[in-house]
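First the structure, in the form of structure tokens, and then the observations on it.
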Amino acid sequence: MSAAVTGDGPWLDDAAGRLVRPFTVSNGRTRPTIAFDLMSQVMVTGVTPLGYLGPEHGEALDLCLAPVSVAEVAAHLKLPAAVAKVLLSDLVDCGALTTKPPVTPHLPTDRALLEAVLDGLRRQL
């Protein structure tokens with residue numbers, strides 16, 4: 001069994017995978033202080049966080065130089081979304097990140113239009 005460290009990244013084992021369990025990264029916390037949607041956008045503010053933050057916090061900040069979704073941050077960090085939300089909420093709380101809700105597309109609610117689409121689909125079948 002061989003373990004490897006890639007830079008400041010997570011400890012990995014060839015057979016077992018990640019050696020540090022995901023909720024260790026968030027100090028066992030499972031609930032963020034801010035309500036995030038998976039499609040919420042986060043971006044750095046330029047404020048330097050005060051106090052100690054773990055290496056995953058730094059990785060998250062690096063990912064958020066341009067607006068990025070919470071889901072993308074979780075995927076890049078290879079962490080469950082719940083853990084990523086806790087890390088991101090830490091960064092929002094200390095002023096290092098800003099967040100905005102996802103942009104929801106305007107869906108047509110005109111009944112006549114929806115019925116016309118449905119009729120068109122039925123003719124195709």
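Identifiers in this document derive from the order of the structure tokens: chains are assigned A, B, ..., residues are numbered from 1 separately in each chain, and ligands are numbered from 1 in order of occurrence.
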
Distance table requested - region 21-74 of chain A against region 90-95 of chain A, cut-off 9 Å, only C-alpha atoms: one row per qualifying residue with the closest atom pair and its distance in Å to one decimal, ordered by chain and rising residue number, as a Markdown table.
| residue | atom | partner | partner_atom | distance |
| --- | --- | --- | --- | --- |
| A:Pro32 | CA | A:Asp90 | CA | 7.8 |
| A:Thr33 | CA | A:Asp90 | CA | 7.7 |
| A:Ile34 | CA | A:Val92 | CA | 8.2 |
| A:Val42 | CA | A:Val92 | CA | 8.8 |
| A:Val44 | CA | A:Gly95 | CA | 8.7 |
| A:Thr45 | CA | A:Gly95 | CA | 7.1 |
| A:Gly46 | CA | A:Gly95 | CA | 8.6 |
| A:Val47 | CA | A:Gly95 | CA | 6.2 |
| A:Thr48 | CA | A:Gly95 | CA | 7.9 |
| A:Pro49 | CA | A:Cys94 | CA | 5.8 |
| A:Leu50 | CA | A:Cys94 | CA | 7.1 |
| A:Leu53 | CA | A:Asp90 | CA | 8.7 |
| A:His57 | CA | A:Leu91 | CA | 7.3 |
| A:Ala60 | CA | A:Leu91 | CA | 8.8 |
| A:Leu61 | CA | A:Leu91 | CA | 8.1 |

Convert the current residue selection to file output with all heavy atoms, as a short mmCIF file (atom, residue, chain, number, x, y, z; two decimals), in the first residue's frame.
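Full text of result27.cif as output:
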data_model
loop_
_atom_site.label_atom_id
_atom_site.label_comp_id
_atom_site.auth_asym_id
_atom_site.auth_seq_id
_atom_site.Cartn_x
_atom_site.Cartn_y
_atom_site.Cartn_z
N PRO A 32 -24.21 24.37 6.41
CA PRO A 32 -23.58 25.67 6.18
C PRO A 32 -24.37 26.77 6.88
O PRO A 32 -25.55 26.61 7.18
CB PRO A 32 -23.66 25.82 4.66
CG PRO A 32 -24.80 24.96 4.25
CD PRO A 32 -24.86 23.82 5.24
N THR A 33 -23.71 27.88 7.14
CA THR A 33 -24.39 29.02 7.76
C THR A 33 -25.20 29.82 6.75
O THR A 33 -26.01 30.66 7.13
CB THR A 33 -23.37 29.96 8.44
OG1 THR A 33 -22.43 30.38 7.45
CG2 THR A 33 -22.65 29.24 9.57
N ILE A 34 -24.99 29.54 5.47
CA ILE A 34 -25.69 30.23 4.39
C ILE A 34 -26.38 29.18 3.52
O ILE A 34 -25.79 28.14 3.23
CB ILE A 34 -24.69 31.04 3.53
CG1 ILE A 34 -24.08 32.14 4.39
CG2 ILE A 34 -25.35 31.62 2.30
CD1 ILE A 34 -22.90 32.80 3.78
N VAL A 42 -20.56 31.55 -6.84
CA VAL A 42 -19.67 32.13 -5.83
C VAL A 42 -18.45 32.72 -6.53
O VAL A 42 -18.04 32.23 -7.58
CB VAL A 42 -19.24 31.08 -4.78
CG1 VAL A 42 -20.38 30.72 -3.86
CG2 VAL A 42 -18.68 29.83 -5.43
N VAL A 44 -14.66 35.23 -5.58
CA VAL A 44 -13.82 35.89 -4.58
C VAL A 44 -14.12 37.39 -4.55
O VAL A 44 -14.49 37.98 -5.56
CB VAL A 44 -12.31 35.66 -4.83
CG1 VAL A 44 -11.95 34.21 -4.66
CG2 VAL A 44 -11.89 36.17 -6.17
N THR A 45 -13.94 37.96 -3.36
CA THR A 45 -14.16 39.40 -3.20
C THR A 45 -12.85 40.18 -3.19
O THR A 45 -12.86 41.39 -3.35
CB THR A 45 -14.89 39.69 -1.87
OG1 THR A 45 -14.07 39.22 -0.80
CG2 THR A 45 -16.25 39.03 -1.82
N GLY A 46 -11.74 39.48 -2.95
CA GLY A 46 -10.46 40.15 -2.83
C GLY A 46 -10.06 40.38 -1.39
O GLY A 46 -8.94 40.78 -1.10
N VAL A 47 -10.97 40.12 -0.46
CA VAL A 47 -10.68 40.26 0.97
C VAL A 47 -9.87 39.04 1.42
O VAL A 47 -10.23 37.91 1.10
CB VAL A 47 -11.99 40.37 1.78
CG1 VAL A 47 -11.71 40.35 3.27
CG2 VAL A 47 -12.76 41.61 1.39
N THR A 48 -8.81 39.28 2.14
CA THR A 48 -8.00 38.19 2.67
C THR A 48 -8.65 37.65 3.94
O THR A 48 -8.91 38.43 4.87
CB THR A 48 -6.57 38.66 3.00
OG1 THR A 48 -6.00 39.22 1.82
CG2 THR A 48 -5.70 37.52 3.50
N PRO A 49 -8.93 36.35 3.99
CA PRO A 49 -9.57 35.79 5.19
C PRO A 49 -8.64 35.88 6.39
O PRO A 49 -7.44 35.67 6.27
CB PRO A 49 -9.84 34.34 4.82
CG PRO A 49 -9.33 34.12 3.45
CD PRO A 49 -8.71 35.36 2.95
N LEU A 50 -9.22 36.20 7.54
CA LEU A 50 -8.45 36.26 8.78
C LEU A 50 -8.56 34.92 9.48
O LEU A 50 -9.57 34.24 9.40
CB LEU A 50 -8.99 37.36 9.69
CG LEU A 50 -8.90 38.78 9.12
CD1 LEU A 50 -9.56 39.76 10.07
CD2 LEU A 50 -7.46 39.17 8.87
N LEU A 53 -7.52 28.87 7.90
CA LEU A 53 -8.44 28.11 7.05
C LEU A 53 -7.64 26.94 6.50
O LEU A 53 -6.44 27.06 6.23
CB LEU A 53 -8.99 28.97 5.92
CG LEU A 53 -9.88 30.14 6.34
CD1 LEU A 53 -10.24 30.97 5.13
CD2 LEU A 53 -11.13 29.65 7.04
N HIS A 57 -9.99 25.21 1.84
CA HIS A 57 -10.51 26.57 1.72
C HIS A 57 -9.71 27.34 0.67
O HIS A 57 -10.26 28.05 -0.17
CB HIS A 57 -10.45 27.31 3.06
CG HIS A 57 -11.44 26.85 4.06
ND1 HIS A 57 -11.17 25.86 4.97
CD2 HIS A 57 -12.71 27.25 4.31
CE1 HIS A 57 -12.22 25.68 5.74
NE2 HIS A 57 -13.18 26.51 5.36
N ALA A 60 -10.60 26.17 -2.74
CA ALA A 60 -11.90 26.71 -3.13
C ALA A 60 -11.75 28.16 -3.59
O ALA A 60 -12.36 28.57 -4.59
CB ALA A 60 -12.90 26.61 -1.98
N LEU A 61 -10.96 28.94 -2.87
CA LEU A 61 -10.74 30.33 -3.28
C LEU A 61 -10.11 30.41 -4.66
O LEU A 61 -10.49 31.25 -5.48
CB LEU A 61 -9.85 31.06 -2.26
CG LEU A 61 -10.53 31.53 -0.99
CD1 LEU A 61 -9.50 32.08 -0.02
CD2 LEU A 61 -11.60 32.55 -1.29
#

Tell me which protein, DNA and RNA residues are within 9 Å of Pro102 (chain A), counting only C-alpha atoms, leaving out same-chain ones fewer than 6 positions away, and put them as an mmCIF file with N, CA and C atoms, in the first residue's frame.
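Final output, saved to part18.cif:
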data_model
loop_
_atom_site.group_PDB
_atom_site.id
_atom_site.type_symbol
_atom_site.label_atom_id
_atom_site.label_comp_id
_atom_site.auth_asym_id
_atom_site.auth_seq_id
_atom_site.Cartn_x
_atom_site.Cartn_y
_atom_site.Cartn_z
ATOM 1 N N ASP A 37 -27.794 26.959 -3.082
ATOM 2 C CA ASP A 37 -28.337 26.046 -4.070
ATOM 3 C C ASP A 37 -27.121 25.488 -4.802
ATOM 4 N N LEU A 38 -27.223 24.299 -5.367
ATOM 5 C CA LEU A 38 -26.075 23.749 -6.101
ATOM 6 C C LEU A 38 -25.664 24.633 -7.268
ATOM 7 N N MET A 39 -26.605 25.391 -7.799
ATOM 8 C CA MET A 39 -26.301 26.266 -8.929
ATOM 9 C C MET A 39 -25.994 27.704 -8.507
ATOM 10 N N SER A 40 -25.964 27.973 -7.202
ATOM 11 C CA SER A 40 -25.570 29.304 -6.725
ATOM 12 C C SER A 40 -24.170 29.614 -7.221
ATOM 13 N N GLN A 41 -23.942 30.858 -7.583
ATOM 14 C CA GLN A 41 -22.643 31.297 -8.077
ATOM 15 C C GLN A 41 -21.846 31.900 -6.922
ATOM 16 N N SER A 69 -20.212 27.749 -9.994
ATOM 17 C CA SER A 69 -21.318 27.207 -9.205
ATOM 18 C C SER A 69 -20.796 26.376 -8.041
#

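Between Leu77 (chain A) and the candidates A:Ser89, A:Leu65, A:Pro55, A:Ala112, the tightest atom-to-atom separation, counting only C-alpha atoms, involves A:Pro55.
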
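Using only C-alpha atoms for every distance, the candidate list A:Val117, A:Leu63, A:Leu87, A:Ala75 yields A:Leu87 as the residue closest to Arg29 (chain A).
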
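Considering the residues A:Asp110, A:Ala35, A:Ala84, A:Gly54 and counting only C-alpha atoms, Ala71 (chain A) has its shortest atom-to-atom contact with A:Ala84.
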